[in-house]
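Listing of input.cif; format and content: mmCIF, C-alpha atoms.
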data_coords
#
loop_
_atom_site.group_PDB
_atom_site.id
_atom_site.type_symbol
_atom_site.label_atom_id
_atom_site.label_comp_id
_atom_site.auth_asym_id
_atom_site.auth_seq_id
_atom_site.Cartn_x
_atom_site.Cartn_y
_atom_site.Cartn_z
ATOM 1 C CA MET A 1 113.224 66.706 99.693
ATOM 2 C CA ARG A 2 110.204 66.271 101.993
ATOM 3 C CA SER A 3 108.097 68.704 99.950
ATOM 4 C CA ILE A 4 108.964 66.888 96.701
ATOM 5 C CA LEU A 5 107.966 63.515 98.183
ATOM 6 C CA ARG A 6 104.818 65.011 99.701
ATOM 7 C CA LYS A 7 103.734 66.218 96.245
ATOM 8 C CA GLN A 8 103.990 62.578 95.108
ATOM 9 C CA GLY A 9 101.620 61.488 97.880
ATOM 10 C CA ILE A 10 104.302 60.180 100.255
ATOM 11 C CA SER A 11 103.929 61.250 103.884
ATOM 12 C CA GLY A 12 105.509 60.217 107.167
ATOM 13 C CA PRO A 13 105.951 61.138 110.830
ATOM 14 C CA PRO A 14 106.603 64.866 111.268
ATOM 15 C CA PRO A 15 110.241 65.473 112.306
ATOM 16 C CA SER A 16 111.297 67.605 115.244
ATOM 17 C CA PHE A 17 113.828 70.398 114.859
ATOM 18 C CA LEU A 18 117.450 69.103 114.590
ATOM 19 C CA GLN A 19 116.765 65.547 115.821
ATOM 20 C CA GLY A 20 114.236 64.464 113.208
ATOM 21 C CA ASN A 21 112.420 61.310 114.391
ATOM 22 C CA ILE A 22 115.161 60.077 116.746
ATOM 23 C CA LYS A 23 113.080 60.635 119.884
ATOM 24 C CA GLU A 24 110.114 58.650 118.490
ATOM 25 C CA ILE A 25 112.406 55.778 117.511
ATOM 26 C CA LYS A 26 113.957 55.572 120.994
ATOM 27 C CA ASN A 27 110.554 55.702 122.726
ATOM 28 C CA SER A 28 109.189 52.972 120.463
ATOM 29 C CA GLN A 29 112.201 50.717 121.093
ATOM 30 C CA SER A 30 112.052 51.181 124.877
ATOM 31 C CA LYS A 31 108.339 50.220 124.912
ATOM 32 C CA ALA A 32 109.066 47.176 122.722
ATOM 33 C CA VAL A 33 111.755 45.978 125.159
ATOM 34 C CA LYS A 34 109.323 46.183 128.110
ATOM 35 C CA ASN A 35 106.616 44.280 126.205
ATOM 36 C CA SER A 36 108.948 41.830 124.453
ATOM 37 C CA SER A 37 108.193 38.106 124.364
ATOM 38 C CA THR A 38 110.675 35.264 123.887
ATOM 39 C CA ASN A 39 108.026 33.150 122.141
ATOM 40 C CA THR A 40 107.995 35.139 118.900
ATOM 41 C CA HIS A 41 110.179 34.712 115.805
ATOM 42 C CA ASN A 42 109.206 38.121 114.449
ATOM 43 C CA CYS A 43 112.580 39.724 115.159
ATOM 44 C CA VAL A 44 111.927 42.660 112.808
ATOM 45 C CA ALA A 45 108.950 43.844 114.862
ATOM 46 C CA ALA A 46 110.969 43.392 118.072
ATOM 47 C CA LEU A 47 114.030 45.304 116.835
ATOM 48 C CA PHE A 48 112.328 47.944 114.661
ATOM 49 C CA PRO A 49 108.830 48.420 116.141
ATOM 50 C CA PHE A 50 108.642 51.996 114.844
ATOM 51 C CA PHE A 51 108.687 50.755 111.224
ATOM 52 C CA GLU A 52 105.607 48.608 111.829
ATOM 53 C CA GLN A 53 103.824 51.487 113.579
ATOM 54 C CA TRP A 54 104.590 53.916 110.760
ATOM 55 C CA ARG A 55 103.606 51.401 108.058
ATOM 56 C CA ASN A 56 100.213 50.962 109.727
ATOM 57 C CA LYS A 57 99.737 54.713 109.901
ATOM 58 C CA TYR A 58 101.321 55.952 106.646
ATOM 59 C CA CYS A 59 101.092 52.826 104.383
ATOM 60 C CA GLN A 60 103.959 50.792 102.874
ATOM 61 C CA VAL A 61 105.985 53.732 101.519
ATOM 62 C CA PHE A 62 106.782 56.631 103.841
ATOM 63 C CA MET A 63 109.580 59.022 104.773
ATOM 64 C CA PHE A 64 111.253 59.773 108.100
ATOM 65 C CA SER A 65 114.280 61.728 109.347
ATOM 66 C CA LEU A 66 117.468 60.948 111.248
ATOM 67 C CA PHE A 67 118.695 64.383 112.280
ATOM 68 C CA ASN A 68 118.818 66.302 108.958
ATOM 69 C CA THR A 69 118.997 63.171 106.777
ATOM 70 C CA GLN A 70 115.751 62.307 104.983
ATOM 71 C CA ILE A 71 115.086 58.572 104.464
ATOM 72 C CA LEU A 72 112.524 56.927 102.197
ATOM 73 C CA HIS A 73 111.236 53.601 103.575
ATOM 74 C CA VAL A 74 109.834 51.217 100.930
ATOM 75 C CA TYR A 75 108.088 47.989 101.961
ATOM 76 C CA GLU A 76 106.471 47.034 98.643
ATOM 77 C CA PRO A 77 108.428 44.254 96.839
ATOM 78 C CA GLU A 78 107.464 45.496 93.349
ATOM 79 C CA VAL A 79 108.682 49.026 94.089
ATOM 80 C CA VAL A 80 111.895 47.697 95.677
ATOM 81 C CA ARG A 81 112.511 45.561 92.580
ATOM 82 C CA GLU A 82 111.965 48.549 90.319
ATOM 83 C CA ILE A 83 114.362 50.700 92.356
ATOM 84 C CA ALA A 84 116.993 47.902 92.349
ATOM 85 C CA THR A 85 116.839 47.572 88.552
ATOM 86 C CA CYS A 86 116.789 51.325 87.918
ATOM 87 C CA THR A 87 119.603 52.262 85.527
ATOM 88 C CA SER A 88 119.586 55.963 86.345
ATOM 89 C CA LEU A 89 123.020 57.117 87.472
ATOM 90 C CA ASP A 90 121.338 59.734 89.669
ATOM 91 C CA LEU A 91 119.968 57.054 92.031
ATOM 92 C CA GLY A 92 122.686 55.715 94.289
ATOM 93 C CA LYS A 93 124.372 55.738 97.690
ATOM 94 C CA PRO A 94 123.908 58.680 100.072
ATOM 95 C CA SER A 95 126.865 61.061 100.087
ATOM 96 C CA PHE A 96 127.166 61.071 103.898
ATOM 97 C CA GLN A 97 128.361 57.418 103.818
ATOM 98 C CA GLN A 98 131.505 58.367 101.935
ATOM 99 C CA ARG A 99 131.974 61.522 103.975
ATOM 100 C CA GLU A 100 131.574 59.927 107.424
ATOM 101 C CA ARG A 101 132.687 56.327 106.793
ATOM 102 C CA GLY A 102 135.250 56.900 104.037
ATOM 103 C CA PRO A 103 138.222 55.400 105.957
ATOM 104 C CA LEU A 104 136.238 52.192 106.487
ATOM 105 C CA LEU A 105 134.218 51.843 103.267
ATOM 106 C CA GLY A 106 136.618 53.442 100.802
ATOM 107 C CA HIS A 107 135.362 55.108 97.629
ATOM 108 C CA PHE A 108 134.210 52.227 95.469
ATOM 109 C CA ILE A 109 131.167 49.944 95.230
ATOM 110 C CA LEU A 110 129.744 50.435 98.762
ATOM 111 C CA THR A 111 129.819 54.239 98.556
ATOM 112 C CA SER A 112 130.196 55.154 94.888
ATOM 113 C CA ASN A 113 127.544 56.410 92.494
ATOM 114 C CA GLY A 114 127.110 56.857 88.773
ATOM 115 C CA ALA A 115 129.527 55.389 86.265
ATOM 116 C CA VAL A 116 132.049 54.356 88.954
ATOM 117 C CA CYS A 117 129.449 52.247 90.769
ATOM 118 C CA THR A 118 128.186 50.703 87.515
ATOM 119 C CA TYR A 119 131.712 49.734 86.476
ATOM 120 C CA ASN A 120 132.553 48.218 89.865
ATOM 121 C CA ARG A 121 129.359 46.152 89.914
ATOM 122 C CA LYS A 122 130.128 44.873 86.429
ATOM 123 C CA VAL A 123 133.621 43.841 87.554
ATOM 124 C CA LEU A 124 132.747 42.214 90.892
ATOM 125 C CA ALA A 125 129.355 40.615 90.201
ATOM 126 C CA PRO A 126 130.589 37.765 87.918
ATOM 127 C CA GLU A 127 133.035 36.648 90.620
ATOM 128 C CA LEU A 128 130.163 36.126 93.067
ATOM 129 C CA TYR A 129 127.838 34.113 90.814
ATOM 130 C CA MET A 130 126.712 30.758 92.185
ATOM 131 C CA ASP A 131 129.176 28.673 90.103
ATOM 132 C CA LYS A 132 132.096 30.700 91.488
ATOM 133 C CA VAL A 133 130.746 30.462 95.050
ATOM 134 C CA MET A 134 130.378 26.677 94.676
ATOM 135 C CA GLY A 135 134.078 26.580 93.841
ATOM 136 C CA MET A 136 134.765 27.936 97.338
ATOM 137 C CA VAL A 137 133.062 25.019 99.115
ATOM 138 C CA GLY A 138 136.434 23.370 99.816
ATOM 139 C CA LEU A 139 137.860 26.343 101.697
ATOM 140 C CA ILE A 140 134.541 26.819 103.536
ATOM 141 C CA MET A 141 134.770 23.187 104.700
ATOM 142 C CA GLU A 142 138.321 23.793 105.988
ATOM 143 C CA SER A 143 137.064 26.683 108.116
ATOM 144 C CA ILE A 144 134.085 24.641 109.362
ATOM 145 C CA LYS A 145 136.398 21.803 110.451
ATOM 146 C CA THR A 146 138.554 24.274 112.377
ATOM 147 C CA LEU A 147 135.463 25.672 114.151
ATOM 148 C CA LEU A 148 133.994 22.239 115.001
ATOM 149 C CA ASN A 149 137.350 20.953 116.261
ATOM 150 C CA SER A 150 137.642 23.937 118.609
ATOM 151 C CA TRP A 151 134.166 23.176 120.006
ATOM 152 C CA LYS A 152 134.980 19.474 120.379
ATOM 153 C CA SER A 153 138.179 20.246 122.280
ATOM 154 C CA MET A 154 136.217 22.538 124.643
ATOM 155 C CA ILE A 155 133.675 19.762 125.303
ATOM 156 C CA GLU A 156 136.412 17.182 125.917
ATOM 157 C CA LYS A 157 138.172 19.531 128.302
ATOM 158 C CA ASP A 158 135.207 20.858 130.330
ATOM 159 C CA GLY A 159 132.677 18.032 130.070
ATOM 160 C CA GLU A 160 129.351 17.637 128.298
ATOM 161 C CA ILE A 161 127.926 21.026 129.335
ATOM 162 C CA VAL A 162 130.025 23.906 128.000
ATOM 163 C CA ASP A 163 129.356 27.640 127.718
ATOM 164 C CA ILE A 164 130.253 28.459 124.089
ATOM 165 C CA LYS A 165 130.031 32.023 122.767
ATOM 166 C CA ILE A 166 128.456 31.100 119.433
ATOM 167 C CA ASP A 167 128.230 34.664 118.148
ATOM 168 C CA GLU A 168 131.956 35.364 118.482
ATOM 169 C CA ASP A 169 132.938 31.956 117.083
ATOM 170 C CA VAL A 170 130.696 32.281 114.022
ATOM 171 C CA ARG A 171 132.040 35.767 113.360
ATOM 172 C CA SER A 172 135.582 34.350 113.499
ATOM 173 C CA PHE A 173 134.480 31.561 111.137
ATOM 174 C CA SER A 174 133.070 34.128 108.689
ATOM 175 C CA GLU A 175 136.283 36.136 108.924
ATOM 176 C CA ASP A 176 138.369 33.004 108.228
ATOM 177 C CA VAL A 177 136.288 32.088 105.146
ATOM 178 C CA ILE A 178 136.550 35.596 103.692
ATOM 179 C CA SER A 179 140.308 35.663 104.403
ATOM 180 C CA ARG A 180 140.799 32.393 102.512
ATOM 181 C CA ALA A 181 138.518 33.459 99.643
ATOM 182 C CA CYS A 182 140.135 36.873 99.319
ATOM 183 C CA PHE A 183 143.803 36.176 100.020
ATOM 184 C CA GLY A 184 144.225 32.452 99.303
ATOM 185 C CA SER A 185 147.436 31.093 100.787
ATOM 186 C CA ASN A 186 148.045 34.488 102.440
ATOM 187 C CA TYR A 187 144.869 34.109 104.518
ATOM 188 C CA ILE A 188 146.775 34.471 107.818
ATOM 189 C CA LYS A 189 147.889 37.927 106.696
ATOM 190 C CA GLY A 190 144.275 38.519 105.617
ATOM 191 C CA GLU A 191 143.055 37.780 109.132
ATOM 192 C CA GLU A 192 145.487 40.369 110.468
ATOM 193 C CA ILE A 193 144.035 42.918 108.022
ATOM 194 C CA PHE A 194 140.475 42.093 109.007
ATOM 195 C CA LEU A 195 141.217 42.456 112.723
ATOM 196 C CA ARG A 196 142.196 46.054 112.028
ATOM 197 C CA LEU A 197 139.120 46.560 109.853
ATOM 198 C CA ARG A 198 136.938 45.331 112.715
ATOM 199 C CA ALA A 199 138.576 47.876 115.022
ATOM 200 C CA LEU A 200 138.058 50.582 112.392
ATOM 201 C CA GLN A 201 134.406 49.521 112.036
ATOM 202 C CA GLU A 202 133.787 50.601 115.634
ATOM 203 C CA LYS A 203 135.083 54.119 115.058
ATOM 204 C CA ASP A 204 133.281 57.070 113.485
ATOM 205 C CA CYS A 205 135.707 59.338 111.707
ATOM 206 C CA GLU A 206 135.467 63.095 111.237
ATOM 207 C CA TYR A 207 137.927 65.666 109.947
ATOM 208 C CA ILE A 208 138.761 67.216 113.346
ATOM 209 C CA PRO A 209 142.173 65.880 114.569
ATOM 210 C CA THR A 210 141.022 64.503 117.921
ATOM 211 C CA ASN A 211 142.723 61.468 119.518
ATOM 212 C CA HIS A 212 139.774 59.311 118.437
ATOM 213 C CA ASN A 213 140.087 60.424 114.804
ATOM 214 C CA ARG A 214 143.875 60.079 114.821
ATOM 215 C CA ASN A 215 143.487 56.457 115.951
ATOM 216 C CA ALA A 216 140.999 55.845 113.115
ATOM 217 C CA TRP A 217 143.370 57.400 110.562
ATOM 218 C CA ALA A 218 146.248 55.262 111.886
ATOM 219 C CA LEU A 219 144.121 52.104 111.537
ATOM 220 C CA GLU A 220 143.169 53.085 107.985
ATOM 221 C CA LYS A 221 146.843 53.561 107.129
ATOM 222 C CA ASP A 222 147.748 50.170 108.682
ATOM 223 C CA VAL A 223 145.043 48.406 106.655
ATOM 224 C CA ARG A 224 146.190 50.069 103.449
ATOM 225 C CA ASN A 225 149.867 49.206 104.053
ATOM 226 C CA LEU A 226 149.080 45.577 104.946
ATOM 227 C CA ILE A 227 146.945 45.046 101.811
ATOM 228 C CA LEU A 228 149.550 46.633 99.551
ATOM 229 C CA LYS A 229 152.268 44.478 101.198
ATOM 230 C CA VAL A 230 150.285 41.323 100.339
ATOM 231 C CA VAL A 231 149.877 42.631 96.771
ATOM 232 C CA SER A 232 153.605 43.359 96.514
ATOM 233 C CA ASP A 233 154.494 39.875 97.793
ATOM 234 C CA ARG A 234 152.066 38.308 95.308
ATOM 235 C CA LYS A 235 153.624 40.200 92.378
ATOM 236 C CA GLU A 236 157.188 39.393 93.440
ATOM 237 C CA SER A 237 156.492 35.670 93.779
ATOM 238 C CA SER A 238 154.743 35.580 90.368
ATOM 239 C CA ALA A 239 152.265 33.154 91.955
ATOM 240 C CA TYR A 240 148.834 32.762 90.384
ATOM 241 C CA GLU A 241 146.039 31.951 92.791
ATOM 242 C CA LYS A 242 142.349 31.709 91.975
ATOM 243 C CA ASP A 243 141.172 34.040 94.734
ATOM 244 C CA LEU A 244 139.343 37.366 94.841
ATOM 245 C CA LEU A 245 142.565 39.328 95.302
ATOM 246 C CA GLN A 246 143.891 37.910 92.017
ATOM 247 C CA MET A 247 140.673 38.970 90.281
ATOM 248 C CA VAL A 248 141.007 42.523 91.649
ATOM 249 C CA LEU A 249 144.662 42.649 90.546
ATOM 250 C CA GLU A 250 143.789 41.543 87.016
ATOM 251 C CA VAL A 251 141.047 44.159 86.728
ATOM 252 C CA ALA A 252 143.374 46.860 88.075
ATOM 253 C CA LYS A 253 145.968 45.849 85.494
ATOM 254 C CA ASN A 254 143.508 46.301 82.613
ATOM 255 C CA ILE A 255 142.218 49.743 83.568
ATOM 256 C CA LYS A 256 144.244 52.857 82.844
ATOM 257 C CA LEU A 257 144.734 54.529 86.209
ATOM 258 C CA SER A 258 147.606 56.257 87.975
ATOM 259 C CA LYS A 259 149.585 54.223 90.531
ATOM 260 C CA GLU A 260 147.824 55.912 93.439
ATOM 261 C CA ALA A 261 144.384 55.382 91.867
ATOM 262 C CA THR A 262 145.242 51.719 91.170
ATOM 263 C CA ASP A 263 146.313 51.213 94.796
ATOM 264 C CA ASN A 264 143.073 52.846 95.977
ATOM 265 C CA PHE A 265 141.063 50.540 93.683
ATOM 266 C CA ILE A 266 142.754 47.424 95.117
ATOM 267 C CA VAL A 267 142.584 48.503 98.769
ATOM 268 C CA ASP A 268 138.968 49.694 98.660
ATOM 269 C CA ASN A 269 137.713 46.571 96.857
ATOM 270 C CA CYS A 270 139.424 44.320 99.420
ATOM 271 C CA LYS A 271 137.712 46.316 102.185
ATOM 272 C CA ASN A 272 134.348 46.042 100.410
ATOM 273 C CA ILE A 273 134.629 42.259 99.968
ATOM 274 C CA TYR A 274 135.261 41.878 103.697
ATOM 275 C CA LEU A 275 132.512 44.238 104.826
ATOM 276 C CA ALA A 276 129.912 42.841 102.410
ATOM 277 C CA GLY A 277 130.329 39.299 103.739
ATOM 278 C CA TYR A 278 131.377 39.725 107.351
ATOM 279 C CA GLU A 279 128.082 40.889 108.888
ATOM 280 C CA THR A 280 125.678 39.227 106.427
ATOM 281 C CA THR A 281 127.013 35.682 106.959
ATOM 282 C CA PRO A 282 127.237 35.252 110.772
ATOM 283 C CA VAL A 283 123.924 36.934 111.660
ATOM 284 C CA PRO A 284 121.656 34.439 109.805
ATOM 285 C CA ALA A 285 123.968 31.565 110.811
ATOM 286 C CA VAL A 286 123.642 32.414 114.523
ATOM 287 C CA TRP A 287 119.876 32.878 114.156
ATOM 288 C CA CYS A 288 119.657 29.473 112.426
ATOM 289 C CA LEU A 289 121.603 27.781 115.250
ATOM 290 C CA LEU A 290 119.376 29.491 117.829
ATOM 291 C CA LEU A 291 116.204 28.199 116.153
ATOM 292 C CA LEU A 292 117.657 24.679 115.839
ATOM 293 C CA ALA A 293 118.602 24.685 119.532
ATOM 294 C CA ALA A 294 115.093 25.845 120.492
ATOM 295 C CA ASN A 295 113.444 23.203 118.284
ATOM 296 C CA PRO A 296 115.201 19.797 118.624
ATOM 297 C CA ASP A 297 112.744 18.138 116.209
ATOM 298 C CA TRP A 298 113.919 20.532 113.489
ATOM 299 C CA GLN A 299 117.463 19.166 113.950
ATOM 300 C CA ASP A 300 116.296 15.677 112.944
ATOM 301 C CA GLN A 301 114.501 17.056 109.891
ATOM 302 C CA VAL A 302 117.596 19.010 108.799
ATOM 303 C CA CYS A 303 119.839 15.938 109.246
ATOM 304 C CA ASN A 304 117.472 13.802 107.166
ATOM 305 C CA GLU A 305 117.392 16.409 104.390
ATOM 306 C CA ILE A 306 121.204 16.640 104.365
ATOM 307 C CA PHE A 307 121.580 12.849 104.140
ATOM 308 C CA GLU A 308 119.065 12.751 101.274
ATOM 309 C CA ILE A 309 120.978 15.396 99.282
ATOM 310 C CA CYS A 310 124.516 14.262 100.123
#
Rendering of file as structure tokens:
Amino acid sequence: MRSILRKQGISGPPPSFLQGNIKEIKNSQSKAVKNSSTNTHNCVAALFPFFEQWRNKYCQVFMFSLFNTQILHVYEPEVVREIATCTSLDLGKPSFQQRERGPLLGHFILTSNGAVCTYNRKVLAPELYMDKVMGMVGLIMESIKTLLNSWKSMIEKDGEIVDIKIDEDVRSFSEDVISRACFGSNYIKGEEIFLRLRALQEKDCEYIPTNHNRNAWALEKDVRNLILKVVSDRKESSAYEKDLLQMVLEVAKNIKLSKEATDNFIVDNCKNIYLAGYETTPVPAVWCLLLLAANPDWQDQVCNEIFEIC
């Protein structure tokens, strides 16, 4: 892989035997922590200083290694756009994701390649267009009210100055929104599923039957059984709800798969919906709250803009 990229004019930091560029990454991060400043908003340079160093040395496109895995880093928007729109079925997700994180990610859109990935994107993408997302504003508002009420009750109980763990609360808010969007009226059961997914997210899973791996396999089985129980209850009640689970069920009904393959399709897509939204939503939300807290004048500007629009 490295020799093929080198022939195309792409270079990068030379890897060491077995570890690749792990040692360089750790050294760069430790130096960045010592020299870090709280007055900068450039979080990328603070968290990934090695990328900036390598871009300055090897230009905007370079390769590096994590152990025996070769990674191509692309920092040119035009090239990224071209890669994103590439229709070749040979360009897709790395195989190690499915091998190492299969119990968590499943075998569909987050890890699949080729025709399977293309089909899944075609099925899921229309359900996440802006008009569909705007239809979820009501349930998002319900979750926001729950979060704000919990903060208000803490302030009333402990006084004006309260220590609130924003990160954990916003993650719970994100989890609640996804549960409502995915499972509708069964969102409480959805939250139970996502708690197990969060626990599974913290575990790496290999094939060796150690206690750690057995716990991961048990969590995977629990998640699968809970999702299929919600599906069974939905079918028995003959209820029709306009949520993401209903969309997945309708797609599964129209494709000709065996019962086991259909169950895998439903379970893996529910996992993917959770994982795709869980981390991406709270991180920018927490960062936004941090910047607003650090800049009180921005709060007034945001309030004025909201009043103008609403």
(request) Find the spatial neighbours of A:Met1, counting all atoms listed in the file, within a cut-off of 10 Å - ignore same-chain residues fewer than 6 positions away - and output them as a ChimeraX atom specification. (result) /A:63,69-71
(request) Quick one: everything within 12 Å of stretch 252-260 of chain A, counting only C-alpha atoms, minus sequence neighbours fewer than 6 positions away in the same chain. Send it as an MDAnalysis selection string. (result) chainID A and resid 119:120 123:124 224 228 231 235 245:246 266:269
(request) Record the distance separating atom CA of A:Leu244 and atom CA of A:Asn215, expressed in Å with one decimal. (result)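 So the two atoms, atom CA of A:Leu244 and atom CA of A:Asn215, lie 28.8 Å apart.
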(message) I need the residue nearest A:Lys26 from this list: A:Leu66, A:Asp163, A:Glu308, A:Ser172. Use all atoms listed in the file for the distance.
(response)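 Going through A:Leu66, A:Asp163, A:Glu308, A:Ser172 one by one, the smallest distance to A:Lys26 is for A:Leu66.
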Around all the atoms of stretch 242-255 of chain A listed in the file, with 8 Å of room on each side, what axis-aligned box do you get, giving centre and edge lengths in Å to one decimal, as AutoDock Vina command-line options?
--center_x 142.7 --center_y 40.7 --center_z 89.0 --size_x 22.6 --size_y 34.0 --size_z 28.7
(request) I need the residue set behind the PyMOL selection byres ((chain A and resi 51) around 10) for this file; please write it as a PyMOL selection string. (result) chain A and resi 25+28+44-45+47-50+52-57+60+62+64+73+75
Residue selection dump (C-alpha atoms) as a PDB file, in the frame of the given file:
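Written out: selection21.pdb:
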ATOM      1  CA  ILE A  25     112.406  55.778 117.511  1.00  0.00           C
ATOM      2  CA  SER A  28     109.189  52.972 120.463  1.00  0.00           C
ATOM      3  CA  VAL A  44     111.927  42.660 112.808  1.00  0.00           C
ATOM      4  CA  ALA A  45     108.950  43.844 114.862  1.00  0.00           C
ATOM      5  CA  LEU A  47     114.030  45.304 116.835  1.00  0.00           C
ATOM      6  CA  PHE A  48     112.328  47.944 114.661  1.00  0.00           C
ATOM      7  CA  PRO A  49     108.830  48.420 116.141  1.00  0.00           C
ATOM      8  CA  PHE A  50     108.642  51.996 114.844  1.00  0.00           C
ATOM      9  CA  GLU A  52     105.607  48.608 111.829  1.00  0.00           C
ATOM     10  CA  GLN A  53     103.824  51.487 113.579  1.00  0.00           C
ATOM     11  CA  TRP A  54     104.590  53.916 110.760  1.00  0.00           C
ATOM     12  CA  ARG A  55     103.606  51.401 108.058  1.00  0.00           C
ATOM     13  CA  ASN A  56     100.213  50.962 109.727  1.00  0.00           C
ATOM     14  CA  LYS A  57      99.737  54.713 109.901  1.00  0.00           C
ATOM     15  CA  GLN A  60     103.959  50.792 102.874  1.00  0.00           C
ATOM     16  CA  PHE A  62     106.782  56.631 103.841  1.00  0.00           C
ATOM     17  CA  PHE A  64     111.253  59.773 108.100  1.00  0.00           C
ATOM     18  CA  HIS A  73     111.236  53.601 103.575  1.00  0.00           C
ATOM     19  CA  TYR A  75     108.088  47.989 101.961  1.00  0.00           C
TER      20      TYR A  75
END
(request) Would you please work out which residue, of A:Val283, A:Met136, A:Val251, A:Val61, is nearest to A:Gly184 when using all atoms listed in the file? (result)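 Closest candidate: A:Met136.
Reported to one decimal place, the separation of atom CA of A:Thr262 from atom CA of A:Ile188 is 24.0 Å.
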(message) I'd like the interatomic distance between atom CA of A:Ala181 and atom CA of A:Asp243, to a tenth of an Å.
(response) 5.6 Å
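Using all atoms listed in the file, the smallest distance between any of A:Asp176, A:Glu78, A:Cys182, A:Arg214 and A:Thr146 comes from A:Asp176.
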(request) Would you please work out which residue, of A:Gln299, A:Asn225, A:Ser237, A:Thr280, is nearest to A:Ser174 when using only C-alpha atoms? (result) A:Thr280
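Shortest separation to A:Lys242 among A:Ile83, A:Leu18, A:Ala261, A:Leu139 occurs at residue A:Leu139, atoms counted being only C-alpha atoms.
Put simply, the PyMOL selection byres ((chain A and resi 275) around 10) on this file hits A:Leu104, A:Leu105, A:Leu110, A:Glu175, A:Ile178, A:Phe194, A:Leu197, A:Arg198, A:Gln201, A:Asn269, A:Cys270, A:Lys271, A:Asn272, A:Ile273, A:Tyr274, A:Ala276, A:Gly277, A:Tyr278, A:Glu279, A:Thr280.
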(request) Enumerate, as number ranges by chain, the protein, DNA and RNA residues whose atoms approach (130.6, 30.6, 123.8) to within 12 Å, taking into account all atoms listed in the file and the coordinate frame of the file. (result) A: 147, 150-151, 154-155, 161-171, 286
(message) Restricting the calculation to all atoms listed in the file: of A:Tyr58, A:Phe173, A:Phe67, A:Trp287, which residue gets closest to A:Lys23?
(response) A:Phe67
